[in-house]
Amino acid sequence: MNIFGLWAYDATTALAMAVEKVGATNTGFRKTSILGNSTDLETFGVSQSGPQLLQALLSTAFRGLSGDFHIVDGQLQSSAYKIVNVIGNGRKGVGFWTAEKGIVRELNSTNMTTTYSTSKSNLGAIIWPGDTTSPPKGWVIPTNRKKLRVGVPVKDGFSEFVKVTPNPNTNKTTVTGYCIDVFDAVMAALPYAVPYDYIPFATPDGKAAVVGDTTIIANRSQYADFTLPYTESGVSMIVPIKDKKRKNAWVFLKPLTWDLWVTSFCSFVFIGFVIWVLEHRINEDFRGPPSHQVGTIFWFSFSTMVFAHREKVVSNLARFVVIIWVFIVLILTQSYTASLTSMLTVQQLQPTVSDVNELIKKREYVGYQKGSFVPGLLKRMKNFDESKLKMYNSTEECHELLTEGSQNGGIAAAFDEIPYIKLLLGRYCSKYTMVGPIYKTDGFGFAFPIGSPLVPDVSRAILNVTEGDKMVEIEKAWFGEQSSCPDPNSLVSSNSLGVESFWGLFLIAGVASISALIIYTALFLYEHRHVLGPKTSIWKKTVEVARHFDQKDLSSHTFRKGELQDRNGINGMEASPNSNPPPTPSSFSLQASAFTNGPPNPSSFSNHTDQEQGTPSHEYGDPNPNGQTTQEIMPAIEFGNPNQDRPTASKSTDQNH
């Protein structure tokens, strides 16, 4: 009888036990309404004690032939299953499985967890075929019990990838390296066990597989099946880098581009011109001969670079322009200083060769690794002269050739695969860099005989290893931390500052200056609107406006203050003529000498008075509209004898008043 028969027997037993619990109190049946198209099953009656029988059946629990009988929520609960370990013709229990707890060691144990468990650790010790507790991985390939013979190439350099070390005492060899660790990790990731031995070789004859720094190329694929690559692919060029600090006499011009130099110069001149226009009529510092005024424009504007301008600006518009311009000059000078400091102090590393064609044009020597396919690649793609190719065996030898240079018997560049270049850069990261295009190859792979059934499985295992943390651990173990090397791209020379970095500042200065000019021009033309009469020509209007612009604005507070001080001084002298001490004879003789050639004229007194007051009368003429000299010039004449009569000229002057 099968399990279904046992379940049927237990169900019948449970029903009988439920009937016994209910008893025979009401054994009648209730007929249901039968339709014409009903089935025969509907002709059966419904027991009147059905609800009581159902409740009794749900509460029935016993141990039957199929296990524990217990109904929960209308469902028969599965009983525990015993897990047995079959050993030959015998068996041994190692645990149980229940619907509530999962895998447990023993039923009704105090150590049972409250959570559902599927861990194999809850089972007892399992004995596998061969009387071992280690689970087998699957079928063993090959089935003839011969181990896989894995060939390992013997080479002199680049021992980080493959290194064969013979032991003379035991007559055995030890194989180590990056490629060996990757192969071991890949074989361990296979779903079955593959025993293998490493066989060092000089020629790959009679080997079931080849492990090493073997590159997948089209020519080799004709003689072997390759797995998927496990390293980066490609061939590139490595060249020395040198510090190209600007040590010439014109390095101070390099922080700024030429367009920024020209823009800055024009801005300085323009700002100087704007300040001169705003200050010319009211500020003595911006007046004088034309050559002096032009020099003042350049001096004032360019002295703002070092904040050494000594001319004071008195108009509010000029002050507004100067404040904005000084702020812009501060930013410009600080940026220039920072850029120049960077160029003079920061290490500026650049490759000595930037293009493969440059090597061909200059007929430079280039290097390649011994036994590599790179020479054939260079001859096919770039038509390199074979006489310009030099061979090296290790990273140290490549470093020596690159250090000597092409002119001293070395090489100017080396072509190699990406894994070897990364190894060289890891050791000499501050001396070399990888430049130029990367010529595509398929990287390193494991070679098997054509048609080997291991190739697909090994390729899938390579994907699992390279995508996990195991590959990172292997690379760190053999190549070290690559992040400790500085990035050559971050050591390039500093770029010169251009207009695009400061156009916003120049725009602000231009808008502020032009706005100040527009406001000043509008006020000036409104003040002299009588000059712009409709009857005069445009040329005369322009000349008249220019003439008024060149004159002093005597209504300005700067000139009114000076004139008030001069008048107060003259009135004080007239009010107390004897307050000054008597002049000495020498002073009388010096001043009287002016009359030796004839009587003095009023203009001489006027000029003398103007010089005393510091107001040049030749620009604006006599302030008296009648052309007569006022009495204010009299205190300028001194006599040695106080009782001597004054000259006639003074009397005539008094009469004019």
# chains A, B, ... in the order shown; residues from 1 in each chain; ligands from 1

$ residues_around --residues "Met17 of chain A" --least-positions-apart "3" --cutoff "9 Å" --atoms "only C-alpha atoms" --output "PyMOL selection string"
chain A and resi 12-14+20-22+56-57+60

$ write_last_selection --atoms "N, CA and C atoms" --output "PDB file, in the first residue's frame"
ATOM      1  N   THR A  12     -10.443   7.615   7.377  1.00  0.00           N
ATOM      2  CA  THR A  12     -11.602   6.829   7.794  1.00  0.00           C
ATOM      3  C   THR A  12     -11.611   6.651   9.304  1.00  0.00           C
ATOM      4  N   THR A  13     -10.458   6.413   9.865  1.00  0.00           N
ATOM      5  CA  THR A  13     -10.351   6.267  11.311  1.00  0.00           C
ATOM      6  C   THR A  13     -10.756   7.553  12.019  1.00  0.00           C
ATOM      7  N   ALA A  14     -10.320   8.684  11.515  1.00  0.00           N
ATOM      8  CA  ALA A  14     -10.676   9.963  12.130  1.00  0.00           C
ATOM      9  C   ALA A  14     -12.174  10.205  12.057  1.00  0.00           C
ATOM     10  N   GLU A  20     -18.208   8.667  16.895  1.00  0.00           N
ATOM     11  CA  GLU A  20     -18.321   8.203  18.267  1.00  0.00           C
ATOM     12  C   GLU A  20     -18.475   9.368  19.235  1.00  0.00           C
ATOM     13  N   LYS A  21     -17.776  10.475  18.939  1.00  0.00           N
ATOM     14  CA  LYS A  21     -17.894  11.638  19.827  1.00  0.00           C
ATOM     15  C   LYS A  21     -19.281  12.269  19.749  1.00  0.00           C
ATOM     16  N   VAL A  22     -19.857  12.318  18.546  1.00  0.00           N
ATOM     17  CA  VAL A  22     -21.169  12.957  18.382  1.00  0.00           C
ATOM     18  C   VAL A  22     -22.284  12.057  18.929  1.00  0.00           C
ATOM     19  N   ALA A  56     -16.357  17.847  15.508  1.00  0.00           N
ATOM     20  CA  ALA A  56     -15.673  16.723  16.142  1.00  0.00           C
ATOM     21  C   ALA A  56     -14.504  16.244  15.297  1.00  0.00           C
ATOM     22  N   LEU A  57     -14.679  16.262  13.968  1.00  0.00           N
ATOM     23  CA  LEU A  57     -13.595  15.828  13.084  1.00  0.00           C
ATOM     24  C   LEU A  57     -12.412  16.799  13.139  1.00  0.00           C
ATOM     25  N   THR A  60     -10.258  16.197  16.158  1.00  0.00           N
ATOM     26  CA  THR A  60      -9.701  14.855  16.308  1.00  0.00           C
ATOM     27  C   THR A  60      -8.216  14.877  15.991  1.00  0.00           C
TER      28      THR A  60
END

$ residues_around --residues "segment 286-302 of chain A" --least-positions-apart "3" --cutoff "7 Å" --atoms "only C-alpha atoms" --output "PyMOL selection string"
chain A and resi 268-269+271-273+276+279-280+283+305+309

$ select_by_dssp --residues "segment 173-317 of chain A" --states "alpha helix (DSSP H)" --output "VMD selection string"
chain A and resid 178 to 188 258 to 279 290 to 303 316 to 317

$ closest_residue --among "A:Thr352, A:Thr403, A:Ser501, A:Ser430" --to "Ile331 of chain A" --atoms "only C-alpha atoms"
A:Ser501

$ residues_around --residues "Val150 of chain A" --least-positions-apart "4" --cutoff "9 Å" --atoms "only C-alpha atoms" --output "PyMOL selection string"
chain A and resi 196-200+207-211

$ residues_around --residues "Lys120 of chain A" --least-positions-apart "3" --cutoff "12 Å" --atoms "only C-alpha atoms" --output "list in words"
Ile83, Val94, Gly95, Phe96, Trp97, Gly102, Ile103, Val104, Arg105, Ser117, Leu123, Gly124, Ala125 and Ile126 of chain A

$ write_last_selection --atoms "C-alpha atoms" --output "compact mmCIF listing (two decimals), in the first residue's frame"
# COMPACT_ATOMS: atom_id res chain seq x y z
CA ILE A 83 16.29 12.55 6.93
CA VAL A 94 20.84 12.66 10.53
CA GLY A 95 17.82 14.91 11.22
CA PHE A 96 14.18 15.76 10.63
CA TRP A 97 12.12 18.19 8.59
CA GLY A 102 12.29 23.22 8.85
CA ILE A 103 15.47 21.16 9.32
CA VAL A 104 16.11 20.15 12.93
CA ARG A 105 18.44 17.68 14.55
CA SER A 117 15.70 26.85 9.36
CA LEU A 123 22.01 17.86 10.42
CA GLY A 124 24.28 15.22 11.79
CA ALA A 125 27.51 14.14 10.15
CA ILE A 126 26.97 12.81 6.64

$ atom_distance --atom1 "atom CA of Ser236 of chain A" --atom2 "atom CA of Tyr439 of chain A"
6.3 Å

$ atom_distance --atom1 "atom CA of Ala522 of chain A" --atom2 "atom CA of Ile328 of chain A"
26.8 Å

$ closest_residue --among "A:Ile411, A:Ile282, A:Met381, A:Val322" --to "Ser555 of chain A" --atoms "only C-alpha atoms"
A:Ile282

$ closest_residue --among "A:Leu423, A:Phe320, A:Val251, A:Lys390" --to "Trp478 of chain A" --atoms "only C-alpha atoms"
A:Leu423
